[in-house]
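In what follows, a structure is listed as structure tokens, so that the remarks can point back to it.
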Amino acid sequence: MSAAPAEKKVIIAGHVGSGKTTALQAIFGDDMLSTDAKYSDALPSEKKKTTTVAMDYGVVTCPKTDYRLHLYAIPGQERFQFMWEILGKNTDGLVVLVDAKRPNPIAAIHLYLDKILPFLNRAVVVVALNKLSLEERDVLKLPPYLRHGDLRLRLTTTDAQNPDEVFALLRLLLDEMTLSVETKN
Ligand SMILES: Nc1nc2c(ncn2[C@@H]2O[C@H](COP(=O)(O)OP(=O)(O)OP(=O)(O)O)[C@@H](O)[C@H]2O)c(=O)[nH]1
Ligand SMILES: [Mg+2]
């Protein structure tokens with residue numbers, strides 16, 4: 001009899017419009033819990049008419065791994081910060097999605113990490129730049145890790161619209177979790 005897969009809780013975070021709900025929709029389709037609502041303020045873009053007000057949630061066995069992942073995408077809007085606090089508890093891994101087309105994305109990552117990390121003190125972190133074309137990703141020379149204060153966080157690119165890419169990102173996060181356990185031992 002094979003062993004039950006290990007369970008991990010993963011939070012998908014990032015600014016409004018960075019692609020958190022898109023990433024979960026890419027792997028779950030309509031088969032997930034979603035709490036998107038129409039904006040009460042001005043739309044951030046004509047294409048994006050809704051925003052997450054509580055969470056997106058789904059459970060999946062990550063392909064090519066033995067892990068069953070509980071994936072929670074949190075709201076980007078700071079007015080829903082109370083949900084970051086509720087959902088951040090006992091999180092194993094954090095994926096921070098970044099819209100690479102926003103002005104000065106690296107500075108924006110650091111500001112965002114300062115806000116979110118206090119709610120996720122144990123989590124292993126991967127930061128992923130989203131919304132780049134394949135050509136842009138080819139020429140981008142990203143270092144593999146980003147220094148944030150005392151932390152060294154895995155840095156990569158992704159396409160949140162592509163399920164294979166989202167799973168590859170989750171496998172990278174699982175690899176980092178394994179490395180962090182080995183480093184502690
Ligand atoms: N071109 C491009 N567009 C993307 C990509 N990923 C997401 N988008 C678009 O960017 C927008 C992101 O919207 P959401 O996924 O709802 O953003 P979110 O991060 O969940 O935002 P909040 O819930 O408001 O915090 C959508 O219009 C997507 O179609 C990408 O890789 N490339
Ligand atoms: Mg969302």
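Please note that chains go A, B, ... in the order of the structure tokens, that every chain numbers its residues from 1, and that ligands are numbered from 1 in the order shown.
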Report as JSON lines the residues of chain A within 8 Å of ligand 1, each with its shortest atom pair and distance in Å (one decimal), using only C-alpha atoms and all ligand atoms, ordered by chain and increasing residue number.
```
{"residue": "A:Ala13", "atom": "CA", "partner": "ligand 1", "partner_atom_place_in_ligand_line": "19 (O)", "distance": 7.4}
{"residue": "A:Gly14", "atom": "CA", "partner": "ligand 1", "partner_atom_place_in_ligand_line": "19 (O)", "distance": 6.2}
{"residue": "A:His15", "atom": "CA", "partner": "ligand 1", "partner_atom_place_in_ligand_line": "25 (O)", "distance": 5.7}
{"residue": "A:Val16", "atom": "CA", "partner": "ligand 1", "partner_atom_place_in_ligand_line": "25 (O)", "distance": 3.5}
{"residue": "A:Gly17", "atom": "CA", "partner": "ligand 1", "partner_atom_place_in_ligand_line": "17 (O)", "distance": 3.5}
{"residue": "A:Ser18", "atom": "CA", "partner": "ligand 1", "partner_atom_place_in_ligand_line": "19 (O)", "distance": 4.0}
{"residue": "A:Gly19", "atom": "CA", "partner": "ligand 1", "partner_atom_place_in_ligand_line": "15 (O)", "distance": 3.4}
{"residue": "A:Lys20", "atom": "CA", "partner": "ligand 1", "partner_atom_place_in_ligand_line": "19 (O)", "distance": 3.8}
{"residue": "A:Thr21", "atom": "CA", "partner": "ligand 1", "partner_atom_place_in_ligand_line": "20 (O)", "distance": 3.7}
{"residue": "A:Thr22", "atom": "CA", "partner": "ligand 1", "partner_atom_place_in_ligand_line": "15 (O)", "distance": 3.7}
{"residue": "A:Ala23", "atom": "CA", "partner": "ligand 1", "partner_atom_place_in_ligand_line": "15 (O)", "distance": 6.6}
{"residue": "A:Asp36", "atom": "CA", "partner": "ligand 1", "partner_atom_place_in_ligand_line": "23 (O)", "distance": 6.9}
{"residue": "A:Ser45", "atom": "CA", "partner": "ligand 1", "partner_atom_place_in_ligand_line": "27 (O)", "distance": 7.8}
{"residue": "A:Lys47", "atom": "CA", "partner": "ligand 1", "partner_atom_place_in_ligand_line": "27 (O)", "distance": 5.0}
{"residue": "A:Lys48", "atom": "CA", "partner": "ligand 1", "partner_atom_place_in_ligand_line": "27 (O)", "distance": 4.5}
{"residue": "A:Lys49", "atom": "CA", "partner": "ligand 1", "partner_atom_place_in_ligand_line": "27 (O)", "distance": 8.0}
{"residue": "A:Thr50", "atom": "CA", "partner": "ligand 1", "partner_atom_place_in_ligand_line": "16 (O)", "distance": 6.5}
{"residue": "A:Thr51", "atom": "CA", "partner": "ligand 1", "partner_atom_place_in_ligand_line": "24 (O)", "distance": 3.6}
{"residue": "A:Thr52", "atom": "CA", "partner": "ligand 1", "partner_atom_place_in_ligand_line": "23 (O)", "distance": 3.7}
{"residue": "A:Val53", "atom": "CA", "partner": "ligand 1", "partner_atom_place_in_ligand_line": "23 (O)", "distance": 7.0}
{"residue": "A:Ala73", "atom": "CA", "partner": "ligand 1", "partner_atom_place_in_ligand_line": "20 (O)", "distance": 7.3}
{"residue": "A:Ile74", "atom": "CA", "partner": "ligand 1", "partner_atom_place_in_ligand_line": "25 (O)", "distance": 7.0}
{"residue": "A:Pro75", "atom": "CA", "partner": "ligand 1", "partner_atom_place_in_ligand_line": "25 (O)", "distance": 4.4}
{"residue": "A:Gly76", "atom": "CA", "partner": "ligand 1", "partner_atom_place_in_ligand_line": "25 (O)", "distance": 3.2}
{"residue": "A:Gln77", "atom": "CA", "partner": "ligand 1", "partner_atom_place_in_ligand_line": "25 (O)", "distance": 5.6}
{"residue": "A:Leu97", "atom": "CA", "partner": "ligand 1", "partner_atom_place_in_ligand_line": "19 (O)", "distance": 7.6}
{"residue": "A:Asp99", "atom": "CA", "partner": "ligand 1", "partner_atom_place_in_ligand_line": "6 (N)", "distance": 8.0}
{"residue": "A:Asn130", "atom": "CA", "partner": "ligand 1", "partner_atom_place_in_ligand_line": "31 (O)", "distance": 5.1}
{"residue": "A:Lys131", "atom": "CA", "partner": "ligand 1", "partner_atom_place_in_ligand_line": "32 (N)", "distance": 3.6}
{"residue": "A:Leu132", "atom": "CA", "partner": "ligand 1", "partner_atom_place_in_ligand_line": "32 (N)", "distance": 6.4}
{"residue": "A:Ser133", "atom": "CA", "partner": "ligand 1", "partner_atom_place_in_ligand_line": "32 (N)", "distance": 7.6}
{"residue": "A:Thr158", "atom": "CA", "partner": "ligand 1", "partner_atom_place_in_ligand_line": "31 (O)", "distance": 7.0}
{"residue": "A:Asp159", "atom": "CA", "partner": "ligand 1", "partner_atom_place_in_ligand_line": "31 (O)", "distance": 4.1}
{"residue": "A:Ala160", "atom": "CA", "partner": "ligand 1", "partner_atom_place_in_ligand_line": "6 (N)", "distance": 4.7}
{"residue": "A:Gln161", "atom": "CA", "partner": "ligand 1", "partner_atom_place_in_ligand_line": "6 (N)", "distance": 5.3}
{"residue": "A:Asn162", "atom": "CA", "partner": "ligand 1", "partner_atom_place_in_ligand_line": "31 (O)", "distance": 7.7}
```
Can those selected residues be exported to a file as a compact mmCIF listing (two decimals), in the first residue's frame so that it contains N, CA, C and O atoms?
```txt
# COMPACT_ATOMS: atom_id res chain seq x y z
N ALA A 13 0.27 35.00 -3.06
CA ALA A 13 0.10 36.40 -2.67
C ALA A 13 0.62 37.32 -3.77
O ALA A 13 1.19 36.88 -4.77
N GLY A 14 0.44 38.62 -3.58
CA GLY A 14 0.93 39.61 -4.54
C GLY A 14 -0.04 40.77 -4.66
O GLY A 14 -1.17 40.69 -4.15
N HIS A 15 0.40 41.82 -5.33
CA HIS A 15 -0.43 43.02 -5.47
C HIS A 15 -1.71 42.72 -6.26
O HIS A 15 -1.80 41.69 -6.93
N VAL A 16 -2.63 43.66 -6.22
CA VAL A 16 -3.84 43.58 -7.05
C VAL A 16 -3.44 43.41 -8.51
O VAL A 16 -2.56 44.13 -9.01
N GLY A 17 -4.04 42.42 -9.16
CA GLY A 17 -3.80 42.24 -10.59
C GLY A 17 -2.51 41.53 -10.93
O GLY A 17 -2.14 41.44 -12.10
N SER A 18 -1.82 40.97 -9.93
CA SER A 18 -0.56 40.28 -10.24
C SER A 18 -0.81 38.89 -10.83
O SER A 18 0.11 38.29 -11.38
N GLY A 19 -2.04 38.38 -10.70
CA GLY A 19 -2.38 37.11 -11.35
C GLY A 19 -2.63 35.95 -10.40
O GLY A 19 -2.57 34.78 -10.80
N LYS A 20 -2.98 36.24 -9.16
CA LYS A 20 -3.20 35.18 -8.16
C LYS A 20 -4.43 34.32 -8.51
O LYS A 20 -4.33 33.08 -8.56
N THR A 21 -5.54 34.99 -8.76
CA THR A 21 -6.76 34.24 -9.13
C THR A 21 -6.54 33.54 -10.47
O THR A 21 -6.95 32.38 -10.65
N THR A 22 -5.87 34.22 -11.39
CA THR A 22 -5.56 33.62 -12.70
C THR A 22 -4.79 32.31 -12.53
O THR A 22 -5.08 31.32 -13.21
N ALA A 23 -3.81 32.29 -11.61
CA ALA A 23 -2.99 31.09 -11.40
C ALA A 23 -3.85 29.93 -10.90
O ALA A 23 -3.71 28.79 -11.37
N ASP A 36 -14.45 36.36 -5.96
CA ASP A 36 -14.26 37.61 -6.70
C ASP A 36 -15.56 38.42 -6.71
O ASP A 36 -16.65 37.86 -6.84
N SER A 45 -7.88 48.07 -14.56
CA SER A 45 -7.71 48.00 -16.01
C SER A 45 -9.04 47.57 -16.60
O SER A 45 -9.88 46.99 -15.90
N LYS A 47 -9.57 45.22 -18.56
CA LYS A 47 -9.69 43.75 -18.63
C LYS A 47 -10.04 43.15 -17.28
O LYS A 47 -10.65 42.09 -17.19
N LYS A 48 -9.62 43.82 -16.20
CA LYS A 48 -9.81 43.24 -14.86
C LYS A 48 -10.98 43.94 -14.18
O LYS A 48 -10.85 45.05 -13.70
N LYS A 49 -12.11 43.26 -14.13
CA LYS A 49 -13.32 43.90 -13.62
C LYS A 49 -13.68 43.43 -12.21
O LYS A 49 -14.59 43.96 -11.59
N THR A 50 -12.99 42.37 -11.72
CA THR A 50 -13.31 41.84 -10.39
C THR A 50 -12.04 41.73 -9.55
O THR A 50 -10.92 41.75 -10.07
N THR A 51 -12.27 41.62 -8.24
CA THR A 51 -11.15 41.49 -7.31
C THR A 51 -11.52 40.48 -6.22
O THR A 51 -12.70 40.33 -5.88
N THR A 52 -10.51 39.79 -5.70
CA THR A 52 -10.76 38.80 -4.64
C THR A 52 -11.02 39.52 -3.33
O THR A 52 -10.22 40.37 -2.91
N VAL A 53 -12.14 39.19 -2.66
CA VAL A 53 -12.47 39.89 -1.42
C VAL A 53 -12.21 39.02 -0.18
O VAL A 53 -12.18 39.54 0.94
N ALA A 73 -5.29 31.63 -2.54
CA ALA A 73 -4.88 32.94 -3.07
C ALA A 73 -5.57 34.01 -2.23
O ALA A 73 -6.79 33.97 -2.03
N ILE A 74 -4.78 34.93 -1.73
CA ILE A 74 -5.32 35.95 -0.82
C ILE A 74 -5.65 37.22 -1.61
O ILE A 74 -5.16 37.40 -2.73
N PRO A 75 -6.44 38.13 -1.03
CA PRO A 75 -6.74 39.38 -1.75
C PRO A 75 -5.50 40.26 -1.84
O PRO A 75 -4.71 40.32 -0.90
N GLY A 76 -5.35 40.98 -2.95
CA GLY A 76 -4.25 41.94 -3.08
C GLY A 76 -4.56 43.25 -2.37
O GLY A 76 -3.65 43.92 -1.89
N GLN A 77 -5.83 43.59 -2.29
CA GLN A 77 -6.20 44.88 -1.69
C GLN A 77 -5.92 44.90 -0.19
O GLN A 77 -6.35 44.00 0.53
N LEU A 97 3.45 36.54 -6.42
CA LEU A 97 3.40 36.86 -7.85
C LEU A 97 3.57 38.36 -8.04
O LEU A 97 3.01 39.15 -7.27
N ASP A 99 3.56 41.50 -11.00
CA ASP A 99 3.34 41.97 -12.37
C ASP A 99 4.64 42.65 -12.82
O ASP A 99 4.96 43.75 -12.37
N ASN A 130 5.58 37.74 -13.23
CA ASN A 130 4.54 37.26 -14.14
C ASN A 130 4.33 38.29 -15.25
O ASN A 130 4.81 39.42 -15.16
N LYS A 131 3.61 37.89 -16.28
CA LYS A 131 3.19 38.78 -17.37
C LYS A 131 4.32 39.17 -18.33
O LYS A 131 4.25 40.21 -18.98
N LEU A 132 5.38 38.37 -18.39
CA LEU A 132 6.45 38.62 -19.38
C LEU A 132 6.22 37.69 -20.57
O LEU A 132 5.75 36.56 -20.40
N SER A 133 6.57 38.16 -21.78
CA SER A 133 6.50 37.29 -22.95
C SER A 133 7.66 36.29 -22.87
O SER A 133 8.64 36.51 -22.12
N THR A 158 7.24 33.33 -14.27
CA THR A 158 6.17 32.37 -14.52
C THR A 158 5.18 32.96 -15.51
O THR A 158 5.27 34.13 -15.89
N ASP A 159 4.24 32.11 -15.93
CA ASP A 159 3.08 32.57 -16.70
C ASP A 159 1.86 32.00 -15.97
O ASP A 159 1.56 30.81 -16.09
N ALA A 160 1.20 32.86 -15.22
CA ALA A 160 0.10 32.40 -14.35
C ALA A 160 -1.08 31.88 -15.15
O ALA A 160 -1.98 31.26 -14.58
N GLN A 161 -1.09 32.11 -16.46
CA GLN A 161 -2.21 31.63 -17.27
C GLN A 161 -2.01 30.19 -17.74
O GLN A 161 -2.91 29.59 -18.30
N ASN A 162 -0.80 29.67 -17.51
CA ASN A 162 -0.43 28.35 -18.05
C ASN A 162 -0.32 27.33 -16.90
O ASN A 162 0.56 27.46 -16.04
```
Review point. Within 12 Å of range 78-87 of chain A, counting only C-alpha atoms, which residues qualify if same-chain residues fewer than 5 places away don't, as JSON, numbers by chain?
Key: {"A": [9, 10, 11, 12, 13, 14, 15, 16, 51, 52, 53, 54, 55, 56, 57, 70, 71, 72, 73, 92, 94, 112, 115, 116, 117, 118, 119, 120, 121]}
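Of note, CA of Val139 in chain A and CA of Thr157 in chain A are spaced 11.8 Å apart.
For Leu155 in chain A, the non-local neighbours within 8 Å, defined as residues at least 5 positions apart in the same chain or in other chains and counting only C-alpha atoms, are A:Val126, A:Val127, A:Ala128, A:Leu129, A:Leu142, A:Pro143, A:Pro144, A:Tyr145, A:Leu146.
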Review point. CA of Thr183 in chain A to CA of Arg147 in chain A: how many Å, to one decimal?
Key: 17.2 Å
Practice item. Would you list, as a PyMOL selection string, the residues of range 30-176 of chain A that end up in strand (DSSP E) under DSSP run on this structure's backbone? Key: chain A and resi 36-38+50-52+56-61+67-73+93-99+124-130+145-148+151-157
Please save N, CA and C atoms of the selected residues as a compact mmCIF listing (two decimals), in the first residue's frame.
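Below is the file that was written, out38.txt:
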```
# COMPACT_ATOMS: atom_id res chain seq x y z
N ASP A 36 -14.45 36.36 -5.96
CA ASP A 36 -14.26 37.61 -6.70
C ASP A 36 -15.56 38.42 -6.71
N ALA A 37 -15.41 39.72 -6.56
CA ALA A 37 -16.56 40.63 -6.60
C ALA A 37 -16.20 41.80 -7.49
N LYS A 38 -17.23 42.51 -7.97
CA LYS A 38 -16.97 43.70 -8.80
C LYS A 38 -16.29 44.76 -7.97
N THR A 50 -12.99 42.37 -11.72
CA THR A 50 -13.31 41.84 -10.39
C THR A 50 -12.04 41.73 -9.55
N THR A 51 -12.27 41.62 -8.24
CA THR A 51 -11.15 41.49 -7.31
C THR A 51 -11.52 40.48 -6.22
N THR A 52 -10.51 39.79 -5.70
CA THR A 52 -10.76 38.80 -4.64
C THR A 52 -11.02 39.52 -3.33
N ASP A 56 -9.30 32.65 -2.79
CA ASP A 56 -9.55 31.55 -3.72
C ASP A 56 -8.95 30.33 -3.06
N TYR A 57 -9.57 29.16 -3.29
CA TYR A 57 -9.05 27.97 -2.62
C TYR A 57 -9.31 26.73 -3.46
N GLY A 58 -8.32 25.86 -3.49
CA GLY A 58 -8.48 24.55 -4.12
C GLY A 58 -7.42 23.60 -3.60
N VAL A 59 -7.67 22.30 -3.75
CA VAL A 59 -6.72 21.27 -3.32
C VAL A 59 -6.31 20.45 -4.52
N VAL A 60 -5.00 20.20 -4.64
CA VAL A 60 -4.53 19.47 -5.82
C VAL A 60 -3.29 18.63 -5.44
N THR A 61 -3.18 17.47 -6.04
CA THR A 61 -1.92 16.73 -5.93
C THR A 61 -1.00 17.27 -7.01
N TYR A 67 3.11 15.37 -3.15
CA TYR A 67 2.50 16.36 -2.27
C TYR A 67 1.08 16.72 -2.70
N ARG A 68 0.23 16.80 -1.69
CA ARG A 68 -1.13 17.32 -1.89
C ARG A 68 -1.12 18.74 -1.34
N LEU A 69 -1.46 19.69 -2.19
CA LEU A 69 -1.33 21.10 -1.82
C LEU A 69 -2.69 21.74 -1.60
N HIS A 70 -2.79 22.43 -0.48
CA HIS A 70 -3.96 23.28 -0.22
C HIS A 70 -3.56 24.68 -0.63
N LEU A 71 -4.12 25.16 -1.72
CA LEU A 71 -3.70 26.45 -2.29
C LEU A 71 -4.71 27.53 -1.95
N TYR A 72 -4.22 28.60 -1.34
CA TYR A 72 -5.07 29.74 -1.00
C TYR A 72 -4.50 30.98 -1.70
N ALA A 73 -5.29 31.63 -2.54
CA ALA A 73 -4.88 32.94 -3.07
C ALA A 73 -5.57 34.01 -2.23
N GLY A 93 4.29 27.30 2.66
CA GLY A 93 4.97 27.94 1.54
C GLY A 93 4.22 29.15 1.05
N LEU A 94 4.97 30.13 0.55
CA LEU A 94 4.38 31.37 0.04
C LEU A 94 4.92 31.63 -1.37
N VAL A 95 4.00 31.83 -2.32
CA VAL A 95 4.39 32.26 -3.66
C VAL A 95 3.96 33.72 -3.79
N VAL A 96 4.90 34.60 -4.09
CA VAL A 96 4.55 36.01 -4.33
C VAL A 96 4.61 36.25 -5.83
N LEU A 97 3.45 36.54 -6.42
CA LEU A 97 3.40 36.86 -7.85
C LEU A 97 3.57 38.36 -8.04
N VAL A 98 4.34 38.72 -9.06
CA VAL A 98 4.61 40.13 -9.31
C VAL A 98 4.31 40.43 -10.76
N ASP A 99 3.56 41.50 -11.00
CA ASP A 99 3.34 41.97 -12.37
C ASP A 99 4.64 42.65 -12.82
N VAL A 124 8.29 29.14 3.62
CA VAL A 124 9.36 29.20 2.61
C VAL A 124 8.79 30.02 1.44
N VAL A 125 9.62 30.91 0.85
CA VAL A 125 9.09 31.88 -0.12
C VAL A 125 9.72 31.72 -1.50
N VAL A 126 8.88 31.78 -2.52
CA VAL A 126 9.35 31.94 -3.90
C VAL A 126 8.68 33.18 -4.49
N VAL A 127 9.47 34.03 -5.13
CA VAL A 127 8.95 35.23 -5.78
C VAL A 127 8.99 35.01 -7.29
N ALA A 128 7.85 35.23 -7.97
CA ALA A 128 7.80 34.95 -9.41
C ALA A 128 7.29 36.16 -10.19
N LEU A 129 8.10 36.60 -11.16
CA LEU A 129 7.69 37.70 -12.05
C LEU A 129 6.76 37.13 -13.12
N ASN A 130 5.58 37.74 -13.23
CA ASN A 130 4.54 37.26 -14.14
C ASN A 130 4.33 38.29 -15.25
N TYR A 145 18.36 34.02 -6.61
CA TYR A 145 17.86 34.38 -5.28
C TYR A 145 17.82 35.90 -5.13
N LEU A 146 16.88 36.34 -4.31
CA LEU A 146 16.72 37.76 -4.01
C LEU A 146 16.98 37.94 -2.52
N ARG A 147 17.83 38.90 -2.18
CA ARG A 147 18.07 39.19 -0.76
C ARG A 147 17.01 40.15 -0.26
N HIS A 148 16.37 39.80 0.83
CA HIS A 148 15.40 40.71 1.46
C HIS A 148 15.75 40.73 2.95
N LEU A 151 16.88 37.56 4.68
CA LEU A 151 16.32 36.40 3.96
C LEU A 151 16.90 36.30 2.56
N ARG A 152 16.93 35.06 2.08
CA ARG A 152 17.38 34.77 0.71
C ARG A 152 16.22 34.03 0.06
N LEU A 153 15.54 34.70 -0.88
CA LEU A 153 14.30 34.16 -1.42
C LEU A 153 14.48 33.75 -2.88
N ARG A 154 13.99 32.57 -3.23
CA ARG A 154 14.10 32.08 -4.62
C ARG A 154 13.34 33.01 -5.54
N LEU A 155 13.97 33.37 -6.66
CA LEU A 155 13.39 34.31 -7.61
C LEU A 155 13.28 33.63 -8.96
N THR A 156 12.13 33.79 -9.63
CA THR A 156 11.95 33.14 -10.93
C THR A 156 10.92 33.92 -11.76
N THR A 157 10.61 33.40 -12.93
CA THR A 157 9.53 33.97 -13.75
C THR A 157 8.45 32.90 -13.91
```
Check your understanding: What is the CA of Leu169 in chain A-CA of Ser34 in chain A distance in Å, reported with one decimal?
Key -> 21.0 Å
**Study point:** Sel. of helix (DSSP H, G or I) residues, range 54-183 of chain A, as a ChimeraX atom specification
**Key:** /A:78-88,105-119,134-139,163-183
